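Reproduced below: structure-v3.cif, with mmCIF, C-alpha atoms; chains and numbers go by the auth columns.
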data_input
#
loop_
_atom_site.group_PDB
_atom_site.id
_atom_site.type_symbol
_atom_site.label_atom_id
_atom_site.label_comp_id
_atom_site.label_asym_id
_atom_site.label_seq_id
_atom_site.Cartn_x
_atom_site.Cartn_y
_atom_site.Cartn_z
_atom_site.B_iso_or_equiv
_atom_site.auth_seq_id
_atom_site.auth_asym_id
ATOM 1 C CA MET A 1 -66.028 6.262 69.789 0.00 7 A
ATOM 2 C CA LEU A 2 -69.422 5.241 68.431 0.00 8 A
ATOM 3 C CA ASP A 3 -69.681 4.639 64.708 0.00 9 A
ATOM 4 C CA LYS A 4 -73.337 4.910 63.739 0.00 10 A
ATOM 5 C CA GLY A 5 -72.503 4.116 60.097 0.00 11 A
ATOM 6 C CA ARG A 6 -71.916 0.439 60.878 0.00 12 A
ATOM 7 C CA THR A 7 -74.528 -2.180 60.098 0.00 13 A
ATOM 8 C CA GLY A 8 -75.215 -5.699 61.303 0.00 14 A
ATOM 9 C CA ALA A 9 -74.396 -7.242 64.660 0.00 15 A
ATOM 10 C CA GLY A 10 -72.858 -4.755 67.048 0.00 16 A
ATOM 11 C CA ALA A 11 -73.736 -1.739 64.870 0.00 17 A
ATOM 12 C CA ASP A 12 -74.678 0.326 67.922 0.00 18 A
ATOM 13 C CA THR A 13 -71.756 -0.823 70.049 0.00 19 A
ATOM 14 C CA ALA A 14 -68.737 1.411 70.531 0.00 20 A
ATOM 15 C CA LEU A 15 -65.588 0.379 68.732 0.00 21 A
ATOM 16 C CA LEU A 16 -63.562 1.760 71.649 0.00 22 A
ATOM 17 C CA ASP A 17 -65.155 2.709 74.945 0.00 23 A
ATOM 18 C CA GLY A 18 -62.601 5.152 76.308 0.00 24 A
ATOM 19 C CA ALA A 19 -64.520 5.658 79.552 0.00 25 A
ATOM 20 C CA HIS A 20 -64.404 1.916 80.260 0.00 26 A
ATOM 21 C CA LEU A 21 -60.639 1.811 79.654 0.00 27 A
ATOM 22 C CA HIS A 22 -60.114 4.948 81.757 0.00 28 A
ATOM 23 C CA ARG A 23 -61.951 3.323 84.687 0.00 29 A
ATOM 24 C CA TYR A 24 -60.000 0.079 84.194 0.00 30 A
ATOM 25 C CA THR A 25 -56.618 1.838 84.229 0.00 31 A
ATOM 26 C CA GLY A 26 -57.447 4.389 86.903 0.00 32 A
ATOM 27 C CA GLY A 27 -56.700 7.105 84.370 0.00 33 A
ATOM 28 C CA ASP A 28 -53.122 5.979 83.695 0.00 34 A
ATOM 29 C CA VAL A 29 -52.703 7.258 80.124 0.00 35 A
ATOM 30 C CA ALA A 30 -49.417 5.420 79.547 0.00 36 A
ATOM 31 C CA LEU A 31 -51.089 2.156 80.557 0.00 37 A
ATOM 32 C CA GLU A 32 -54.010 2.873 78.236 0.00 38 A
ATOM 33 C CA VAL A 33 -51.621 3.387 75.312 0.00 39 A
ATOM 34 C CA GLU A 34 -49.803 0.173 76.205 0.00 40 A
ATOM 35 C CA LEU A 35 -53.061 -1.791 76.402 0.00 41 A
ATOM 36 C CA TYR A 36 -54.234 -0.474 73.032 0.00 42 A
ATOM 37 C CA GLY A 37 -50.905 -1.546 71.542 0.00 43 A
ATOM 38 C CA LEU A 38 -51.152 -4.994 73.092 0.00 44 A
ATOM 39 C CA LEU A 39 -54.717 -5.441 71.847 0.00 45 A
ATOM 40 C CA ARG A 40 -53.638 -4.334 68.381 0.00 46 A
ATOM 41 C CA GLY A 41 -50.991 -7.047 68.296 0.00 47 A
ATOM 42 C CA GLN A 42 -53.394 -9.640 69.630 0.00 48 A
ATOM 43 C CA ILE A 43 -55.991 -8.808 66.973 0.00 49 A
ATOM 44 C CA VAL A 44 -53.444 -9.240 64.180 0.00 50 A
ATOM 45 C CA SER A 45 -52.060 -12.509 65.531 0.00 51 A
ATOM 46 C CA THR A 46 -55.521 -13.912 66.265 0.00 52 A
ATOM 47 C CA LEU A 47 -56.781 -13.131 62.757 0.00 53 A
ATOM 48 C CA ASP A 48 -53.772 -14.972 61.355 0.00 54 A
ATOM 49 C CA ALA A 49 -54.344 -17.955 63.654 0.00 55 A
ATOM 50 C CA LEU A 50 -58.061 -18.050 62.810 0.00 56 A
ATOM 51 C CA ALA A 51 -57.257 -18.121 59.109 0.00 57 A
ATOM 52 C CA ARG A 52 -55.032 -21.161 59.712 0.00 58 A
ATOM 53 C CA ALA A 53 -57.339 -22.944 62.197 0.00 59 A
ATOM 54 C CA GLY A 54 -58.855 -25.165 59.527 0.00 60 A
ATOM 55 C CA ASP A 55 -61.390 -27.636 60.924 0.00 61 A
ATOM 56 C CA ASP A 56 -60.113 -27.332 64.490 0.00 62 A
ATOM 57 C CA ALA A 57 -63.291 -26.147 66.224 0.00 63 A
ATOM 58 C CA VAL A 58 -61.659 -26.207 69.664 0.00 64 A
ATOM 59 C CA LEU A 59 -58.839 -23.922 68.495 0.00 65 A
ATOM 60 C CA TRP A 60 -61.382 -21.614 66.794 0.00 66 A
ATOM 61 C CA GLN A 61 -63.374 -21.336 70.028 0.00 67 A
ATOM 62 C CA ARG A 62 -60.280 -20.770 72.191 0.00 68 A
ATOM 63 C CA LEU A 63 -58.942 -18.057 69.910 0.00 69 A
ATOM 64 C CA LEU A 64 -62.259 -16.212 69.796 0.00 70 A
ATOM 65 C CA HIS A 65 -62.860 -16.599 73.521 0.00 71 A
ATOM 66 C CA THR A 66 -59.423 -15.158 74.287 0.00 72 A
ATOM 67 C CA LEU A 67 -59.826 -12.242 71.882 0.00 73 A
ATOM 68 C CA LYS A 68 -63.338 -11.580 73.212 0.00 74 A
ATOM 69 C CA GLY A 69 -62.018 -11.184 76.755 0.00 75 A
ATOM 70 C CA ALA A 70 -59.063 -9.042 75.738 0.00 76 A
ATOM 71 C CA ALA A 71 -61.263 -6.789 73.601 0.00 77 A
ATOM 72 C CA ARG A 72 -63.931 -6.305 76.244 0.00 78 A
ATOM 73 C CA GLY A 73 -61.300 -5.749 78.917 0.00 79 A
ATOM 74 C CA VAL A 74 -60.030 -2.605 77.209 0.00 80 A
ATOM 75 C CA GLY A 75 -63.399 -1.413 75.915 0.00 81 A
ATOM 76 C CA ALA A 76 -63.398 -2.738 72.325 0.00 82 A
ATOM 77 C CA MET A 77 -66.971 -3.873 72.845 0.00 83 A
ATOM 78 C CA ALA A 78 -68.001 -4.323 69.202 0.00 84 A
ATOM 79 C CA LEU A 79 -65.090 -6.704 68.632 0.00 85 A
ATOM 80 C CA GLY A 80 -65.913 -8.554 71.843 0.00 86 A
ATOM 81 C CA ASP A 81 -69.524 -8.897 70.716 0.00 87 A
ATOM 82 C CA ALA A 82 -68.477 -10.113 67.254 0.00 88 A
ATOM 83 C CA CYS A 83 -66.221 -12.747 68.821 0.00 89 A
ATOM 84 C CA ALA A 84 -69.003 -13.850 71.160 0.00 90 A
ATOM 85 C CA ALA A 85 -71.404 -14.208 68.224 0.00 91 A
ATOM 86 C CA GLN A 86 -69.010 -16.550 66.372 0.00 92 A
ATOM 87 C CA GLU A 87 -67.363 -18.260 69.345 0.00 93 A
ATOM 88 C CA SER A 88 -69.563 -21.348 69.441 0.00 94 A
ATOM 89 C CA GLY A 89 -69.666 -21.769 65.677 0.00 95 A
ATOM 90 C CA ALA A 90 -67.335 -23.393 63.248 0.00 96 A
ATOM 91 C CA ASN A 91 -64.514 -21.871 61.265 0.00 97 A
ATOM 92 C CA ASP A 92 -66.127 -20.987 57.969 0.00 98 A
ATOM 93 C CA PRO A 93 -65.348 -18.180 55.534 0.00 99 A
ATOM 94 C CA ALA A 94 -68.446 -16.146 56.437 0.00 100 A
ATOM 95 C CA ALA A 95 -67.687 -16.299 60.165 0.00 101 A
ATOM 96 C CA LEU A 96 -64.068 -15.332 59.605 0.00 102 A
ATOM 97 C CA GLU A 97 -65.124 -12.452 57.361 0.00 103 A
ATOM 98 C CA ALA A 98 -67.560 -11.192 60.029 0.00 104 A
ATOM 99 C CA ILE A 99 -64.802 -11.195 62.639 0.00 105 A
ATOM 100 C CA ARG A 100 -62.285 -9.649 60.239 0.00 106 A
ATOM 101 C CA ALA A 101 -64.650 -6.780 59.350 0.00 107 A
ATOM 102 C CA VAL A 102 -65.103 -5.680 62.965 0.00 108 A
ATOM 103 C CA ALA A 103 -61.439 -6.359 63.739 0.00 109 A
ATOM 104 C CA ASP A 104 -60.352 -4.116 60.862 0.00 110 A
ATOM 105 C CA GLU A 105 -62.618 -1.317 62.099 0.00 111 A
ATOM 106 C CA THR A 106 -61.252 -1.772 65.605 0.00 112 A
ATOM 107 C CA LEU A 107 -57.657 -1.664 64.365 0.00 113 A
ATOM 108 C CA GLY A 108 -58.445 1.591 62.573 0.00 114 A
ATOM 109 C CA ALA A 109 -59.993 3.030 65.722 0.00 115 A
ATOM 110 C CA ILE A 110 -56.965 1.970 67.797 0.00 116 A
ATOM 111 C CA ASP A 111 -54.579 3.542 65.284 0.00 117 A
ATOM 112 C CA THR A 112 -56.593 6.763 65.314 0.00 118 A
ATOM 113 C CA GLU A 113 -56.608 6.835 69.120 0.00 119 A
ATOM 114 C CA LEU A 114 -52.877 6.127 69.346 0.00 120 A
ATOM 115 C CA GLU A 115 -52.133 8.889 66.811 0.00 121 A
ATOM 116 C CA ARG A 116 -54.367 11.292 68.730 0.00 122 A
ATOM 117 C CA ARG A 117 -52.586 10.550 71.973 0.00 123 A
ATOM 118 C CA ALA A 118 -49.143 10.922 70.363 0.00 124 A
ATOM 119 C CA ALA A 119 -49.965 14.417 69.074 0.00 125 A
#
If you convert what's in this file into structure tokens, what do you get?
Amino acid sequence: MLDKGRTGAGADTALLDGAHLHRYTGGDVALEVELYGLLRGQIVSTLDALARAGDDAVLWQRLLHTLKGAARGVGAMALGDACAAQESGANDPAALEAIRAVADETLGAIDTELERRAA
């Protein structure tokens, strides 16, 4: 799924690269659905933890590094790129908003994909 309407960092990066996930899972559709669900939960919990990270730069970096790997592993490349762009920075409102914007788009794409697969 490539959303050409996005702007800024990662605007030309797929929200969900289904081909990447298909290769990763060997075409196991049930595993793909499970991985999307796990990533969805991780995005939500990481956003919450980032909002509470305060001045803890080490925690900020660990959270973003972990989410970056999880996102890229299942093909959520735009989210992985957004995490990478903020990973070495500090927890500030603008950085959190940048991550949240791509995360929200990714959550929407995951929900759409899960609904499509359930139909």
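Neighbouring residues of Leu53 of chain A at 9 Å or closer, counting only C-alpha atoms and skipping chain neighbours under 2 positions away, are A:Gln48, A:Ile49, A:Val50, A:Ser51, A:Ala55, A:Leu56, A:Ala57, A:Arg58, A:Leu69, A:Leu102, A:Ile105, A:Arg106, A:Ala109.
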Legend entry - Reference answer for the PyMOL selection byres ((chain A and resi 114-121) around 9), as a list in words: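 Here the PyMOL selection byres ((chain A and resi 114-121) around 9) matches Met7, Leu21, Leu22, Val39, Tyr42, Gly43, Leu45, Arg46, Ala109, Asp110, Glu111, Thr112, Leu113, Arg122, Arg123, Ala124 and Ala125 of chain A.
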Inset, instruction - Could you state which residues are captured by the PyMOL selection byres ((chain A and resi 88) around 9) in this file, as a PyMOL selection string? - result: chain A and resi 15-16+74+83-87+89-93+104-105+108-109
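The space separating atom CA of Ala63 of chain A from atom CA of Pro99 of chain A comes to 13.5 Å.
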Inset, instruction - Tell me, in Å to one decimal, how far atom CA of Gln67 of chain A is from atom CA of Asp54 of chain A. - result: 14.4 Å
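You will find atom CA of Gly81 of chain A at 14.4 Å from atom CA of Val35 of chain A.
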Can you spell out as an mmCIF file with C-alpha atoms, keeping the file's coordinate frame the set of residues that the PyMOL selection byres ((chain A and resi 24) around 9) selects in the structure I just provided?
data_model
loop_
_atom_site.group_PDB
_atom_site.id
_atom_site.type_symbol
_atom_site.label_atom_id
_atom_site.label_comp_id
_atom_site.auth_asym_id
_atom_site.auth_seq_id
_atom_site.Cartn_x
_atom_site.Cartn_y
_atom_site.Cartn_z
ATOM 1 C CA MET A 7 -66.028 6.262 69.789
ATOM 2 C CA LEU A 22 -63.562 1.760 71.649
ATOM 3 C CA ASP A 23 -65.155 2.709 74.945
ATOM 4 C CA ALA A 25 -64.520 5.658 79.552
ATOM 5 C CA HIS A 26 -64.404 1.916 80.260
ATOM 6 C CA LEU A 27 -60.639 1.811 79.654
ATOM 7 C CA HIS A 28 -60.114 4.948 81.757
ATOM 8 C CA ARG A 29 -61.951 3.323 84.687
ATOM 9 C CA VAL A 80 -60.030 -2.605 77.209
ATOM 10 C CA GLY A 81 -63.399 -1.413 75.915
ATOM 11 C CA ALA A 82 -63.398 -2.738 72.325
#
Taking the block above, write chain A with C-alpha atoms as a compact mmCIF listing (two decimals), in the first residue's frame.
# COMPACT_ATOMS: atom_id res chain seq x y z
CA MET A 7 0.00 0.00 0.00
CA LEU A 8 1.64 3.22 -1.16
CA ASP A 9 0.01 6.46 -0.10
CA LYS A 10 1.20 9.19 -2.46
CA GLY A 11 -0.84 11.81 -0.57
CA ARG A 12 1.61 11.83 2.34
CA THR A 13 4.17 14.58 2.74
CA GLY A 14 7.43 14.93 4.63
CA ALA A 15 9.90 12.23 5.59
CA GLY A 16 8.91 8.84 4.25
CA ALA A 17 6.23 10.25 1.93
CA ASP A 18 7.18 7.82 -0.84
CA THR A 19 7.60 4.82 1.45
CA ALA A 20 4.89 2.19 1.66
CA LEU A 21 2.85 2.13 4.82
CA LEU A 22 2.60 -1.66 4.51
CA ASP A 23 4.74 -3.63 2.09
CA GLY A 24 2.65 -6.76 1.66
CA ALA A 25 5.21 -8.39 -0.63
CA HIS A 26 7.90 -8.03 2.04
CA LEU A 27 5.64 -9.62 4.68
CA HIS A 28 4.61 -12.39 2.27
CA ARG A 29 8.28 -13.26 1.67
CA TYR A 30 9.01 -13.10 5.41
CA THR A 31 6.15 -15.47 6.30
CA GLY A 32 6.52 -17.79 3.33
CA GLY A 33 2.97 -16.91 2.35
CA ASP A 34 1.41 -18.07 5.63
CA VAL A 35 -1.67 -15.81 5.71
CA ALA A 36 -2.57 -16.70 9.30
CA LEU A 37 0.93 -15.71 10.40
CA GLU A 38 0.68 -12.45 8.48
CA VAL A 39 -2.58 -11.60 10.26
CA GLU A 40 -1.01 -12.47 13.60
CA LEU A 41 2.04 -10.30 12.90
CA TYR A 42 -0.11 -7.34 11.88
CA GLY A 43 -2.04 -7.72 15.13
CA LEU A 44 1.14 -7.91 17.18
CA LEU A 45 2.58 -4.83 15.46
CA ARG A 46 -0.68 -2.98 16.08
CA GLY A 47 -0.42 -3.67 19.80
CA GLN A 48 3.24 -2.71 19.87
CA ILE A 49 2.55 0.61 18.14
CA VAL A 50 -0.13 1.52 20.68
CA SER A 51 1.97 0.54 23.69
CA THR A 52 5.09 2.24 22.34
CA LEU A 53 3.24 5.51 21.68
CA ASP A 54 2.01 5.43 25.27
CA ALA A 55 5.50 4.71 26.61
CA LEU A 56 7.03 7.46 24.46
CA ALA A 57 4.52 9.96 25.81
CA ARG A 58 5.60 9.05 29.35
CA ALA A 59 9.36 8.83 28.65
CA GLY A 60 10.01 12.36 29.86
CA ASP A 61 13.69 13.31 29.74
CA ASP A 62 14.89 9.71 29.59
CA ALA A 63 16.81 9.79 26.31
CA VAL A 64 17.97 6.18 26.68
CA LEU A 65 14.39 4.94 27.07
CA TRP A 66 13.30 7.09 24.09
CA GLN A 67 16.03 5.57 21.92
CA ARG A 68 15.30 2.00 23.05
CA LEU A 69 11.58 2.35 22.40
CA LEU A 70 12.10 3.79 18.93
CA HIS A 71 14.81 1.28 18.05
CA THR A 72 12.54 -1.61 19.05
CA LEU A 73 9.54 -0.25 17.15
CA LYS A 74 11.74 0.48 14.12
CA GLY A 75 12.84 -3.16 13.94
CA ALA A 76 9.36 -4.55 14.49
CA ALA A 77 7.87 -2.24 11.86
CA ARG A 78 10.49 -2.97 9.23
CA GLY A 79 10.30 -6.69 9.96
CA VAL A 80 6.68 -6.86 8.83
CA GLY A 81 6.96 -4.29 6.05
CA ALA A 82 5.72 -1.10 7.77
CA MET A 83 8.60 0.76 6.19
CA ALA A 84 7.33 4.33 6.62
CA LEU A 85 6.96 3.79 10.37
CA GLY A 86 10.40 2.19 10.52
CA ASP A 87 11.87 5.18 8.68
CA ALA A 88 10.08 7.65 10.97
CA CYS A 89 11.45 5.85 14.03
CA ALA A 90 14.95 5.83 12.56
CA ALA A 91 14.74 9.58 11.88
CA GLN A 92 13.89 10.33 15.54
CA GLU A 93 15.81 7.51 17.23
CA SER A 94 18.95 9.46 18.06
CA GLY A 95 17.10 12.61 19.09
CA ALA A 96 15.50 13.66 22.30
CA ASN A 97 11.92 13.26 23.42
CA ASP A 98 10.31 16.53 22.42
CA PRO A 99 6.74 17.29 21.37
CA ALA A 100 7.62 17.76 17.69
CA ALA A 101 9.46 14.43 17.51
CA LEU A 102 6.63 12.61 19.25
CA GLU A 103 4.09 14.22 16.93
CA ALA A 104 6.12 13.13 13.87
CA ILE A 105 6.17 9.54 15.11
CA ARG A 106 2.50 9.64 16.10
CA ALA A 107 1.43 10.90 12.65
CA VAL A 108 3.06 8.01 10.80
CA ALA A 109 2.01 5.54 13.50
CA ASP A 110 -1.62 6.62 13.16
CA GLU A 111 -1.47 6.17 9.38
CA THR A 112 0.11 2.76 9.86
CA LEU A 113 -2.56 1.72 12.36
CA GLY A 114 -5.21 2.72 9.84
CA ALA A 115 -3.49 0.71 7.12
CA ILE A 116 -3.22 -2.33 9.42
CA ASP A 117 -6.90 -2.07 10.33
CA THR A 118 -7.85 -1.82 6.66
CA GLU A 119 -5.69 -4.84 5.80
CA LEU A 120 -7.08 -6.90 8.68
CA GLU A 121 -10.66 -6.04 7.67
CA ARG A 122 -9.88 -6.94 4.06
CA ARG A 123 -8.49 -10.30 5.07
CA ALA A 124 -11.46 -11.03 7.36
CA ALA A 125 -13.96 -10.47 4.54
